[in-house]
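Asker: Below is the file upload27.csv, with CSV, C-alpha atoms.
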```csv
chain,number,residue,atom,x,y,z
A,50,MET,CA,140.8,109.4,118.6
A,51,ALA,CA,142.9,108.0,115.7
A,52,LEU,CA,139.9,105.8,114.7
A,53,LYS,CA,137.6,108.9,114.8
A,54,ILE,CA,139.8,110.8,112.4
A,55,ALA,CA,140.1,107.8,110.1
A,56,ARG,CA,136.3,107.6,110.0
A,57,LYS,CA,136.0,111.3,109.2
A,58,ARG,CA,138.3,110.9,106.2
A,59,LEU,CA,136.3,108.1,104.6
A,60,ASP,CA,135.5,109.0,101.0
A,61,PRO,CA,131.9,110.3,100.9
A,62,ALA,CA,130.8,107.8,98.3
A,63,ILE,CA,132.1,104.9,100.4
A,64,ARG,CA,130.6,106.4,103.6
A,65,SER,CA,127.1,106.7,102.0
A,66,GLU,CA,127.4,103.2,100.6
A,67,LEU,CA,128.2,101.9,104.1
A,68,ILE,CA,125.1,103.7,105.4
A,69,LEU,CA,122.9,102.3,102.7
A,70,ASP,CA,124.1,98.7,103.2
A,71,GLU,CA,123.6,99.0,107.0
A,72,ALA,CA,120.1,100.6,106.5
A,73,LEU,CA,119.1,97.8,104.2
A,74,ARG,CA,120.2,95.2,106.7
A,75,LEU,CA,118.1,96.8,109.5
A,76,PHE,CA,115.1,97.5,107.2
A,77,ALA,CA,115.0,93.8,106.1
A,78,GLU,CA,115.3,92.4,109.6
A,79,ARG,CA,112.7,94.7,111.2
A,80,HIS,CA,110.5,96.9,109.0
A,81,PHE,CA,111.6,100.2,107.4
A,82,SER,CA,108.7,102.0,109.2
A,83,VAL,CA,110.1,101.1,112.7
A,84,VAL,CA,113.8,101.6,112.0
A,85,THR,CA,114.8,105.1,113.0
A,86,VAL,CA,117.6,107.2,111.5
A,87,ARG,CA,119.2,107.0,114.9
A,88,ASP,CA,119.1,103.1,114.8
A,89,ILE,CA,121.0,103.3,111.5
A,90,ALA,CA,123.6,105.8,112.9
A,91,ASP,CA,124.1,103.6,115.9
A,92,ALA,CA,124.6,100.5,113.7
A,93,CYS,CA,127.2,102.5,111.6
A,94,ALA,CA,128.8,103.9,114.8
A,95,ILE,CA,128.5,107.4,113.4
A,96,ASN,CA,126.7,110.5,114.5
A,97,VAL,CA,123.1,110.8,113.4
A,98,GLY,CA,123.9,114.3,111.9
A,99,LEU,CA,126.2,112.6,109.4
A,100,ILE,CA,123.3,110.6,108.0
A,101,TYR,CA,121.3,113.8,107.5
A,102,TYR,CA,124.3,115.3,105.8
A,103,TYR,CA,124.0,112.5,103.1
A,104,PHE,CA,120.2,112.0,103.2
A,105,GLU,CA,117.4,114.5,103.4
A,106,ASN,CA,115.0,112.5,105.5
A,107,LYS,CA,113.9,108.9,106.2
A,108,GLU,CA,111.7,108.7,103.1
A,109,GLN,CA,114.6,109.6,100.8
A,110,LEU,CA,116.8,107.2,102.7
A,111,VAL,CA,114.3,104.3,102.0
A,112,HIS,CA,114.2,105.3,98.3
A,113,ARG,CA,118.1,105.5,98.1
A,114,VAL,CA,118.5,102.2,99.9
A,115,LEU,CA,116.3,100.4,97.4
A,116,ALA,CA,117.9,102.3,94.4
A,117,HIS,CA,121.4,101.3,95.6
A,118,ALA,CA,120.4,97.7,95.9
A,119,ILE,CA,118.9,97.6,92.4
A,120,GLU,CA,122.0,99.3,91.0
A,121,GLN,CA,124.3,96.8,92.6
A,122,PHE,CA,122.2,94.1,91.0
A,123,GLN,CA,121.8,95.7,87.5
A,124,ALA,CA,125.0,97.7,86.9
A,125,ARG,CA,127.6,95.1,87.9
A,126,TYR,CA,126.3,92.4,85.6
A,127,ASN,CA,127.9,92.4,82.2
A,128,ALA,CA,127.0,89.7,79.8
A,129,ASP,CA,130.0,88.0,78.1
A,130,GLN,CA,129.3,88.7,74.4
A,131,ASP,CA,131.1,85.4,73.4
A,132,LEU,CA,128.3,83.4,75.0
A,133,ASN,CA,125.2,82.3,73.1
A,134,PRO,CA,121.8,83.6,74.4
A,135,ALA,CA,121.1,80.4,76.4
A,136,GLN,CA,124.6,80.6,78.0
A,137,GLN,CA,124.0,84.3,78.7
A,138,LEU,CA,120.7,83.4,80.4
A,139,VAL,CA,122.5,80.9,82.6
A,140,ALA,CA,125.2,83.5,83.4
A,141,TYR,CA,122.5,86.0,84.3
A,142,LEU,CA,120.8,83.6,86.7
A,143,THR,CA,124.1,82.5,88.2
A,144,TRP,CA,125.0,86.1,88.9
A,145,HIS,CA,122.2,86.1,91.5
A,146,ILE,CA,124.2,83.6,93.7
A,147,PRO,CA,127.1,85.7,94.9
A,148,ILE,CA,124.8,88.6,95.8
A,149,ALA,CA,122.0,86.4,97.3
A,150,SER,CA,122.1,87.9,100.8
A,151,MET,CA,121.8,91.4,99.4
A,152,LEU,CA,118.9,90.3,97.0
A,153,THR,CA,117.1,88.6,99.8
A,154,ARG,CA,117.1,91.9,101.8
A,155,MET,CA,116.2,93.9,98.7
A,156,VAL,CA,113.1,91.9,98.0
A,157,LYS,CA,112.1,92.0,101.7
A,158,LEU,CA,112.2,95.8,101.6
A,159,MET,CA,110.2,95.8,98.4
A,160,ALA,CA,107.6,93.5,100.0
A,161,ASP,CA,107.4,95.6,103.2
A,162,TYR,CA,107.1,98.8,101.3
A,163,SER,CA,104.5,97.5,98.9
A,164,ALA,CA,102.3,95.9,101.5
A,165,SER,CA,102.4,99.1,103.7
A,166,ALA,CA,100.1,102.1,103.5
A,167,VAL,CA,103.1,104.3,102.6
A,168,ARG,CA,103.2,105.6,99.0
A,169,ASP,CA,106.1,107.4,97.5
A,170,PRO,CA,105.9,107.8,93.7
A,171,THR,CA,109.6,107.6,93.1
A,172,THR,CA,109.9,104.4,95.1
A,173,ASP,CA,106.8,103.0,93.3
A,174,ASN,CA,108.5,103.7,90.0
A,175,LEU,CA,111.8,102.1,91.1
A,176,ILE,CA,110.0,98.8,91.8
A,177,ARG,CA,107.9,98.9,88.7
A,178,ASN,CA,111.0,99.6,86.5
A,179,PHE,CA,112.9,96.8,88.2
A,180,TYR,CA,110.3,94.3,87.3
A,181,LYS,CA,109.9,95.8,83.8
A,182,LYS,CA,113.6,95.6,83.1
A,183,GLU,CA,113.8,92.0,84.3
A,184,GLN,CA,111.0,91.0,82.1
A,185,THR,CA,112.4,92.8,79.1
A,186,ASP,CA,116.0,91.4,79.6
A,187,LEU,CA,114.6,87.9,79.9
A,188,GLU,CA,112.4,88.3,76.8
A,189,ASP,CA,115.3,89.7,74.8
A,190,LEU,CA,117.6,86.7,75.7
A,191,LEU,CA,114.8,84.2,74.9
A,192,THR,CA,114.0,86.0,71.6
A,193,ARG,CA,117.6,86.1,70.5
A,194,GLY,CA,117.9,82.4,71.5
A,195,ILE,CA,115.0,81.5,69.3
A,196,ASN,CA,116.3,83.6,66.4
A,197,GLU,CA,119.7,81.9,66.7
A,198,ARG,CA,118.0,78.4,66.9
A,199,VAL,CA,119.3,77.7,70.4
A,200,PHE,CA,115.7,77.6,71.7
A,201,PRO,CA,112.7,76.3,69.8
A,202,PRO,CA,109.8,78.7,69.3
A,203,LEU,CA,108.5,79.5,72.8
A,204,ASN,CA,105.8,81.8,74.3
A,205,VAL,CA,108.6,84.3,75.2
A,206,ALA,CA,106.4,86.5,77.5
A,207,ALA,CA,105.1,83.5,79.4
A,208,VAL,CA,108.5,81.8,79.8
A,209,ALA,CA,110.1,85.1,80.9
A,210,ARG,CA,107.4,85.7,83.4
A,211,SER,CA,107.7,82.1,84.7
A,212,ILE,CA,111.5,82.6,85.2
A,213,SER,CA,110.9,85.9,87.0
A,214,LEU,CA,108.3,84.4,89.3
A,215,GLN,CA,110.6,81.4,90.0
A,216,LEU,CA,113.4,83.9,91.0
A,217,ASP,CA,111.0,85.7,93.2
A,218,GLY,CA,110.0,82.5,94.9
A,219,ILE,CA,113.7,81.6,95.5
A,220,PHE,CA,114.5,85.0,97.0
A,221,TYR,CA,111.4,86.2,98.8
A,222,ALA,CA,110.7,82.8,100.4
A,223,SER,CA,114.2,81.8,101.3
A,224,PRO,CA,114.1,83.0,104.9
A,225,SER,CA,110.7,81.3,105.4
A,226,ARG,CA,111.9,78.0,104.1
A,227,GLY,CA,115.1,78.4,106.1
A,228,ASP,CA,116.8,75.6,104.1
A,229,ASN,CA,119.6,77.7,102.5
A,230,ARG,CA,119.0,76.3,99.0
A,231,ILE,CA,119.4,79.5,96.9
A,232,PRO,CA,122.5,78.2,94.9
A,233,GLU,CA,120.8,74.8,94.3
A,234,ASP,CA,117.5,76.4,93.3
A,235,ILE,CA,119.2,78.7,90.8
A,236,ALA,CA,121.1,75.7,89.5
A,237,ASP,CA,117.8,73.8,89.1
A,238,LEU,CA,116.3,76.7,87.2
A,239,CYS,CA,119.3,76.8,84.9
A,240,HIS,CA,118.9,73.1,84.3
A,241,ILE,CA,115.2,73.5,83.4
A,242,LEU,CA,116.2,76.1,80.8
A,243,GLU,CA,118.9,73.8,79.5
A,244,THR,CA,116.3,71.1,78.8
A,245,LEU,CA,114.3,73.7,76.8
A,246,GLN,CA,117.2,74.1,74.4
A,247,ILE,CA,117.4,72.4,71.0
A,248,LYS,CA,119.7,69.4,71.1
A,249,LYS,CA,122.5,69.6,68.5
B,282,MET,CA,73.2,99.0,122.8
B,283,ALA,CA,71.5,96.4,120.8
B,284,LEU,CA,74.6,96.0,118.7
B,285,LYS,CA,76.7,95.6,121.8
B,286,ILE,CA,74.5,92.7,123.1
B,287,ALA,CA,74.6,91.1,119.6
B,288,ARG,CA,78.4,91.3,119.7
B,289,LYS,CA,78.6,89.7,123.1
B,290,ARG,CA,76.5,86.8,121.9
B,291,LEU,CA,78.8,85.9,119.0
B,292,ASP,CA,79.8,82.2,119.1
B,293,PRO,CA,83.3,82.0,120.6
B,294,ALA,CA,84.6,80.1,117.6
B,295,ILE,CA,83.4,82.8,115.3
B,296,ARG,CA,84.6,85.5,117.5
B,297,SER,CA,88.1,84.1,117.7
B,298,GLU,CA,88.2,83.6,113.9
B,299,LEU,CA,87.2,87.2,113.4
B,300,ILE,CA,90.1,88.3,115.7
B,301,LEU,CA,92.5,86.0,113.9
B,302,ASP,CA,91.5,87.3,110.5
B,303,GLU,CA,91.8,91.0,111.6
B,304,ALA,CA,95.1,90.3,113.3
B,305,LEU,CA,96.5,88.7,110.1
B,306,ARG,CA,95.4,91.7,108.1
B,307,LEU,CA,97.2,94.1,110.5
B,308,PHE,CA,100.3,91.9,110.8
B,309,ALA,CA,100.6,91.8,107.0
B,310,GLU,CA,100.2,95.5,106.4
B,311,ARG,CA,102.6,96.6,109.2
B,312,HIS,CA,104.8,94.0,110.9
B,313,PHE,CA,103.7,91.6,113.6
B,314,SER,CA,106.3,93.1,116.0
B,315,VAL,CA,104.8,96.6,115.9
B,316,VAL,CA,101.1,95.7,116.0
B,317,THR,CA,99.8,95.7,119.5
B,318,VAL,CA,97.0,93.6,121.0
B,319,ARG,CA,95.2,97.0,121.5
B,320,ASP,CA,95.5,97.7,117.7
B,321,ILE,CA,93.8,94.4,117.0
B,322,ALA,CA,91.1,95.0,119.6
B,323,ASP,CA,90.4,98.5,118.1
B,324,ALA,CA,90.2,97.0,114.6
B,325,CYS,CA,87.7,94.4,115.8
B,326,ALA,CA,85.8,97.1,117.8
B,327,ILE,CA,86.1,95.0,121.0
B,328,ASN,CA,87.6,95.4,124.4
B,329,VAL,CA,91.3,94.4,124.6
B,330,GLY,CA,90.3,92.1,127.6
B,331,LEU,CA,88.3,89.9,125.2
B,332,ILE,CA,91.4,89.2,123.2
B,333,TYR,CA,93.2,88.1,126.3
B,334,TYR,CA,90.2,85.8,127.1
B,335,TYR,CA,90.9,84.0,123.8
B,336,PHE,CA,94.7,84.3,123.5
B,337,GLU,CA,97.3,84.1,126.3
B,338,ASN,CA,99.7,86.7,124.9
B,339,LYS,CA,101.0,88.3,121.7
B,340,GLU,CA,103.4,85.5,120.9
B,341,GLN,CA,100.6,82.9,121.1
B,342,LEU,CA,98.4,85.1,119.0
B,343,VAL,CA,101.0,85.3,116.2
B,344,HIS,CA,101.3,81.5,116.3
B,345,ARG,CA,97.5,81.0,116.2
B,346,VAL,CA,97.1,83.6,113.4
B,347,LEU,CA,99.5,81.6,111.2
B,348,ALA,CA,98.1,78.2,112.2
B,349,HIS,CA,94.6,79.5,111.4
B,350,ALA,CA,95.7,80.7,107.9
B,351,ILE,CA,97.5,77.4,107.2
B,352,GLU,CA,94.4,75.4,108.3
B,353,GLN,CA,92.1,77.5,106.0
B,354,PHE,CA,94.4,76.6,103.2
B,355,GLN,CA,94.9,72.9,103.9
B,356,ALA,CA,91.7,71.7,105.6
B,357,ARG,CA,89.2,73.1,103.1
B,358,TYR,CA,90.8,71.7,100.0
B,359,ASN,CA,89.4,68.2,99.2
B,360,ALA,CA,90.6,66.6,96.0
B,361,ASP,CA,87.8,65.2,93.8
B,362,GLN,CA,88.8,61.5,93.6
B,363,ASP,CA,87.2,61.2,90.1
B,364,LEU,CA,90.0,63.4,88.7
B,365,ASN,CA,93.2,61.9,87.4
B,366,PRO,CA,96.5,63.1,89.2
B,367,ALA,CA,97.2,65.8,86.6
B,368,GLN,CA,93.6,67.2,87.0
B,369,GLN,CA,94.0,67.0,90.8
B,370,LEU,CA,97.2,69.0,90.5
B,371,VAL,CA,95.4,71.7,88.4
B,372,ALA,CA,92.5,71.7,91.0
B,373,TYR,CA,95.0,72.1,93.8
B,374,LEU,CA,96.7,75.0,92.1
B,375,THR,CA,93.4,76.6,91.1
B,376,TRP,CA,92.2,76.3,94.8
B,377,HIS,CA,94.8,79.1,95.5
B,378,ILE,CA,92.9,81.7,93.5
B,379,PRO,CA,89.7,82.2,95.7
B,380,ILE,CA,91.8,82.5,98.8
B,381,ALA,CA,94.6,84.6,97.2
B,382,SER,CA,94.2,87.6,99.5
B,383,MET,CA,94.5,85.4,102.6
B,384,LEU,CA,97.5,83.5,101.2
B,385,THR,CA,99.3,86.8,100.3
B,386,ARG,CA,98.9,87.9,103.9
B,387,MET,CA,99.9,84.5,105.3
B,388,VAL,CA,103.2,84.4,103.4
B,389,LYS,CA,103.9,88.1,104.4
B,390,LEU,CA,103.6,87.0,108.0
B,391,MET,CA,105.8,84.0,107.4
B,392,ALA,CA,108.4,86.2,105.7
B,393,ASP,CA,108.4,88.9,108.5
B,394,TYR,CA,108.6,86.3,111.2
B,395,SER,CA,111.4,84.4,109.5
B,396,ALA,CA,113.5,87.5,108.8
B,397,SER,CA,113.1,88.8,112.3
B,398,ALA,CA,115.2,88.0,115.4
B,399,VAL,CA,112.2,86.5,117.1
B,400,ARG,CA,112.3,82.7,117.5
B,401,ASP,CA,109.3,80.6,118.7
B,402,PRO,CA,109.8,76.8,118.2
B,403,THR,CA,106.1,76.1,117.7
B,404,THR,CA,105.9,78.8,114.9
B,405,ASP,CA,109.1,77.6,113.4
B,406,ASN,CA,107.6,74.1,113.2
B,407,LEU,CA,104.4,75.4,111.7
B,408,ILE,CA,106.2,77.0,108.8
B,409,ARG,CA,108.6,74.0,108.3
B,410,ASN,CA,105.6,71.6,108.2
B,411,PHE,CA,103.7,73.8,105.8
B,412,TYR,CA,106.5,73.6,103.3
B,413,LYS,CA,107.1,69.9,104.0
B,414,LYS,CA,103.4,69.1,103.4
B,415,GLU,CA,103.3,71.1,100.2
B,416,GLN,CA,106.4,69.3,98.8
B,417,THR,CA,105.0,65.9,99.8
B,418,ASP,CA,101.6,66.6,98.3
B,419,LEU,CA,103.0,67.8,95.1
B,420,GLU,CA,105.5,64.8,94.9
B,421,ASP,CA,102.6,62.4,95.6
B,422,LEU,CA,100.4,63.8,92.8
B,423,LEU,CA,103.4,63.7,90.3
B,424,THR,CA,104.4,60.2,91.3
B,425,ARG,CA,100.8,59.0,90.9
B,426,GLY,CA,100.6,60.8,87.6
B,427,ILE,CA,103.7,59.0,86.4
B,428,ASN,CA,102.4,55.6,87.6
B,429,GLU,CA,99.1,56.2,85.8
B,430,ARG,CA,101.0,57.3,82.7
B,431,VAL,CA,99.5,60.8,82.7
B,432,PHE,CA,103.0,62.2,83.1
B,433,PRO,CA,106.2,60.9,81.6
B,434,PRO,CA,109.1,59.9,84.0
B,435,LEU,CA,110.1,63.2,85.7
B,436,ASN,CA,112.5,64.2,88.5
B,437,VAL,CA,109.6,64.3,90.9
B,438,ALA,CA,111.4,66.2,93.7
B,439,ALA,CA,112.8,68.8,91.4
B,440,VAL,CA,109.5,69.5,89.6
B,441,ALA,CA,107.6,69.6,92.9
B,442,ARG,CA,110.2,72.1,94.3
B,443,SER,CA,109.9,74.2,91.1
B,444,ILE,CA,106.0,74.3,91.4
B,445,SER,CA,106.4,75.3,95.1
B,446,LEU,CA,108.9,78.1,94.3
B,447,GLN,CA,106.7,79.4,91.5
B,448,LEU,CA,103.7,79.5,93.9
B,449,ASP,CA,105.9,81.4,96.4
B,450,GLY,CA,106.9,83.8,93.7
B,451,ILE,CA,103.3,84.4,92.8
B,452,PHE,CA,102.1,85.1,96.3
B,453,TYR,CA,105.2,86.6,98.1
B,454,ALA,CA,105.9,89.1,95.2
B,455,SER,CA,102.4,90.0,94.2
B,456,PRO,CA,102.2,93.2,96.3
B,457,SER,CA,105.6,94.3,95.0
B,458,ARG,CA,104.6,93.7,91.4
B,459,GLY,CA,101.3,95.4,92.0
B,460,ASP,CA,99.9,94.0,88.8
B,461,ASN,CA,97.1,91.9,90.2
B,462,ARG,CA,98.0,88.8,88.1
B,463,ILE,CA,97.6,86.0,90.6
B,464,PRO,CA,94.8,84.2,88.7
B,465,GLU,CA,96.6,84.6,85.4
B,466,ASP,CA,99.9,83.4,86.9
B,467,ILE,CA,98.2,80.3,88.4
B,468,ALA,CA,96.6,79.6,85.0
B,469,ASP,CA,100.0,79.9,83.3
B,470,LEU,CA,101.5,77.5,85.9
B,471,CYS,CA,98.6,75.0,85.2
B,472,HIS,CA,99.3,75.4,81.5
B,473,ILE,CA,103.0,74.5,82.0
B,474,LEU,CA,102.0,71.4,83.8
B,475,GLU,CA,99.5,70.5,81.0
B,476,THR,CA,102.3,70.7,78.4
B,477,LEU,CA,104.3,68.2,80.6
B,478,GLN,CA,101.5,65.6,80.2
B,479,ILE,CA,101.7,62.6,77.8
B,480,LYS,CA,99.6,63.4,74.8
B,481,LYS,CA,96.9,60.7,74.2
```
Transcribe the structure of this file into structure tokens.
Answerer:
Amino acid sequence: MALKIARKRLDPAIRSELILDEALRLFAERHFSVVTVRDIADACAINVGLIYYYFENKEQLVHRVLAHAIEQFQARYNADQDLNPAQQLVAYLTWHIPIASMLTRMVKLMADYSASAVRDPTTDNLIRNFYKKEQTDLEDLLTRGINERVFPPLNVAAVARSISLQLDGIFYASPSRGDNRIPEDIADLCHILETLQIKK
Amino acid sequence: MALKIARKRLDPAIRSELILDEALRLFAERHFSVVTVRDIADACAINVGLIYYYFENKEQLVHRVLAHAIEQFQARYNADQDLNPAQQLVAYLTWHIPIASMLTRMVKLMADYSASAVRDPTTDNLIRNFYKKEQTDLEDLLTRGINERVFPPLNVAAVARSISLQLDGIFYASPSRGDNRIPEDIADLCHILETLQIKK
């Protein structure tokens, strides 16, 4: 009984975050289309009605799960302005390591949603903007690096795309490879970018 | 009626290939765990009994679908022995383009299977060997390229891994990106490898 009361007193923001995290875990392991709101409630040990208090329906929940994952990735990364653009790029890539499990689940949900016949314009936009922002952020860092003579002249769009694809390879394929090499693969990617730099 | 007779006379090898192709399409769009043998029979416009004539059960079907996809990828690529190792590497990468749709589905099934709680040792082996062979083939081409002075000395294992991850990024993430850039991304990857070559 005490536990039940404690549960009810959870801050709504924390409660909804817990639901979103648990939903992402289930969506990634199975497929968002087969996970029911009841499955999520059971996994959170809460009443299914409480989920409907926070989320209108399953479609909105899928959208919010993805939005929450993308926010966790984007909002909590703050570049240290004392670093040069190449060091900021390395810091940006390295930031993927502590949140690797969450990112692996996030891209699984993106892949499942995108390969499915389900279409929700707000979710489509979310994914499109995620990739657009990644490409822009990488291009900005590379361009600043070239301007500050840290990098030699590069095809900025192509190098940014290549880094982005390499990151996708690391995260999307990690469960298939099953070799637990995300930190090493990110380190190797950082190393490739270091070899691009102008030696001083 | 005529059509029905024609169907029954299909060569068993062709028939089972058609079933495997259709199953891969359904597995990739939904999730192998929710696609039933009946769904596959319906999609092939055949009786469900015919599928059980060719395949013991669903688990074996999943395994055979993946094995068939990997075979299509591996067995039909033959390197032209007149090409130097760098050209063979480009030919190998370019070979991914005409079979891009099949490869996109193949990696989706690998990802779904690997992220799921289902474990089948023969399927685990299939995926492990697929990645092992890719890494070995890439390392062999790079090593021969270095020996023939087409490539400068390189960290062969790291470059092979990087190419492999980039290919994964291209194919696993293509539906999420939704920008239909597989041929361009492969061309860019070939271009990166060309810039690695020793200029003569």
Asker: List as a PyMOL selection string the protein and nucleic acid residues near Ile321 of chain B, meaning an atom at most 9 Å away when only C-alpha atoms are counted, but skip any in the same chain fewer than 2 places from it.
Answerer: chain B and resi 300+303-304+307+316-319+323-327+329+332
Asker: With a distance threshold of 8 Å and counting only C-alpha atoms, extract the residues of chain A near chain B and express them as a PyMOL selection string.
Answerer: chain A and resi 77-80+83+157+159-166+176-177+180+207+211+214-219+221-222+224-227+237-238
Asker: Compute the distance from (125.0, 92.4, 94.4) to each atom, counting all atoms listed in the file, keep the residues with any atom at most 12 Å away, and return them as a ChimeraX atom specification; use the coordinates of the file.
Answerer: /A:70,117-126,143-155
Asker: Ranking A:Arg64, A:Lys248, A:Arg193, A:Arg168 by minimum distance to Phe104 of chain A and counting only C-alpha atoms, which one comes first?
Answerer: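 Looking only at the distances to Phe104 of chain A, the closest residue turns out to be A:Arg64.
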Asker: Suppose you want the space between atom CA of Val205 of chain A and atom CA of Leu190 of chain A; what is it in Å?
Answerer: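 Those two atoms sit 9.3 Å apart.
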Asker: Work out how far apart atom CA of Pro433 of chain B and atom CA of Arg198 of chain A are and give it in Å to one decimal.
Answerer: 25.7 Å
Asker: Take segment 375-396 of chain B, bring it up to N, CA and C atoms, and give me the output as a PDB file, in the frame of the given file.
Answerer:
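Result written to rebuild.pdb:
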```
ATOM      1  N   THR B 375      94.478  75.681  91.361  1.00  0.00           N
ATOM      2  CA  THR B 375      93.400  76.600  91.100  1.00  0.00           C
ATOM      3  C   THR B 375      92.705  76.995  92.469  1.00  0.00           C
ATOM      4  N   TRP B 376      92.755  76.084  93.427  1.00  0.00           N
ATOM      5  CA  TRP B 376      92.200  76.300  94.800  1.00  0.00           C
ATOM      6  C   TRP B 376      92.903  77.542  95.438  1.00  0.00           C
ATOM      7  N   HIS B 377      94.100  77.894  94.993  1.00  0.00           N
ATOM      8  CA  HIS B 377      94.800  79.100  95.500  1.00  0.00           C
ATOM      9  C   HIS B 377      94.098  80.376  95.161  1.00  0.00           C
ATOM     10  N   ILE B 378      93.384  80.386  94.051  1.00  0.00           N
ATOM     11  CA  ILE B 378      92.900  81.700  93.500  1.00  0.00           C
ATOM     12  C   ILE B 378      91.791  82.309  94.430  1.00  0.00           C
ATOM     13  N   PRO B 379      90.725  81.563  94.836  1.00  0.00           N
ATOM     14  CA  PRO B 379      89.700  82.200  95.700  1.00  0.00           C
ATOM     15  C   PRO B 379      90.222  82.704  97.021  1.00  0.00           C
ATOM     16  N   ILE B 380      91.317  82.117  97.501  1.00  0.00           N
ATOM     17  CA  ILE B 380      91.800  82.500  98.800  1.00  0.00           C
ATOM     18  C   ILE B 380      93.149  83.311  98.674  1.00  0.00           C
ATOM     19  N   ALA B 381      93.330  83.917  97.504  1.00  0.00           N
ATOM     20  CA  ALA B 381      94.600  84.600  97.200  1.00  0.00           C
ATOM     21  C   ALA B 381      94.928  85.713  98.219  1.00  0.00           C
ATOM     22  N   SER B 382      93.944  86.528  98.616  1.00  0.00           N
ATOM     23  CA  SER B 382      94.200  87.600  99.500  1.00  0.00           C
ATOM     24  C   SER B 382      94.746  87.081 100.871  1.00  0.00           C
ATOM     25  N   MET B 383      94.071  86.043 101.358  1.00  0.00           N
ATOM     26  CA  MET B 383      94.500  85.400 102.600  1.00  0.00           C
ATOM     27  C   MET B 383      95.899  84.845 102.496  1.00  0.00           C
ATOM     28  N   LEU B 384      96.160  84.165 101.392  1.00  0.00           N
ATOM     29  CA  LEU B 384      97.500  83.500 101.200  1.00  0.00           C
ATOM     30  C   LEU B 384      98.589  84.608 101.087  1.00  0.00           C
ATOM     31  N   THR B 385      98.288  85.729 100.429  1.00  0.00           N
ATOM     32  CA  THR B 385      99.300  86.800 100.300  1.00  0.00           C
ATOM     33  C   THR B 385      99.639  87.331 101.689  1.00  0.00           C
ATOM     34  N   ARG B 386      98.629  87.456 102.553  1.00  0.00           N
ATOM     35  CA  ARG B 386      98.900  87.900 103.900  1.00  0.00           C
ATOM     36  C   ARG B 386      99.652  86.853 104.727  1.00  0.00           C
ATOM     37  N   MET B 387      99.260  85.600 104.532  1.00  0.00           N
ATOM     38  CA  MET B 387      99.900  84.500 105.300  1.00  0.00           C
ATOM     39  C   MET B 387     101.406  84.449 104.971  1.00  0.00           C
ATOM     40  N   VAL B 388     101.772  84.535 103.696  1.00  0.00           N
ATOM     41  CA  VAL B 388     103.200  84.400 103.400  1.00  0.00           C
ATOM     42  C   VAL B 388     103.951  85.696 103.820  1.00  0.00           C
ATOM     43  N   LYS B 389     103.251  86.838 103.877  1.00  0.00           N
ATOM     44  CA  LYS B 389     103.900  88.100 104.400  1.00  0.00           C
ATOM     45  C   LYS B 389     104.253  87.869 105.860  1.00  0.00           C
ATOM     46  N   LEU B 390     103.346  87.295 106.623  1.00  0.00           N
ATOM     47  CA  LEU B 390     103.600  87.000 108.000  1.00  0.00           C
ATOM     48  C   LEU B 390     104.761  86.038 108.193  1.00  0.00           C
ATOM     49  N   MET B 391     104.736  84.983 107.370  1.00  0.00           N
ATOM     50  CA  MET B 391     105.800  84.000 107.400  1.00  0.00           C
ATOM     51  C   MET B 391     107.169  84.689 107.130  1.00  0.00           C
ATOM     52  N   ALA B 392     107.194  85.555 106.113  1.00  0.00           N
ATOM     53  CA  ALA B 392     108.400  86.200 105.700  1.00  0.00           C
ATOM     54  C   ALA B 392     108.906  87.171 106.838  1.00  0.00           C
ATOM     55  N   ASP B 393     107.986  87.937 107.411  1.00  0.00           N
ATOM     56  CA  ASP B 393     108.400  88.900 108.500  1.00  0.00           C
ATOM     57  C   ASP B 393     108.890  88.146 109.703  1.00  0.00           C
ATOM     58  N   TYR B 394     108.156  87.095 110.070  1.00  0.00           N
ATOM     59  CA  TYR B 394     108.600  86.300 111.200  1.00  0.00           C
ATOM     60  C   TYR B 394     109.958  85.702 110.977  1.00  0.00           C
ATOM     61  N   SER B 395     110.131  85.106 109.808  1.00  0.00           N
ATOM     62  CA  SER B 395     111.400  84.400 109.500  1.00  0.00           C
ATOM     63  C   SER B 395     112.575  85.297 109.407  1.00  0.00           C
ATOM     64  N   ALA B 396     112.362  86.527 108.908  1.00  0.00           N
ATOM     65  CA  ALA B 396     113.500  87.500 108.800  1.00  0.00           C
ATOM     66  C   ALA B 396     113.806  88.173 110.082  1.00  0.00           C
TER      67      ALA B 396
END
```
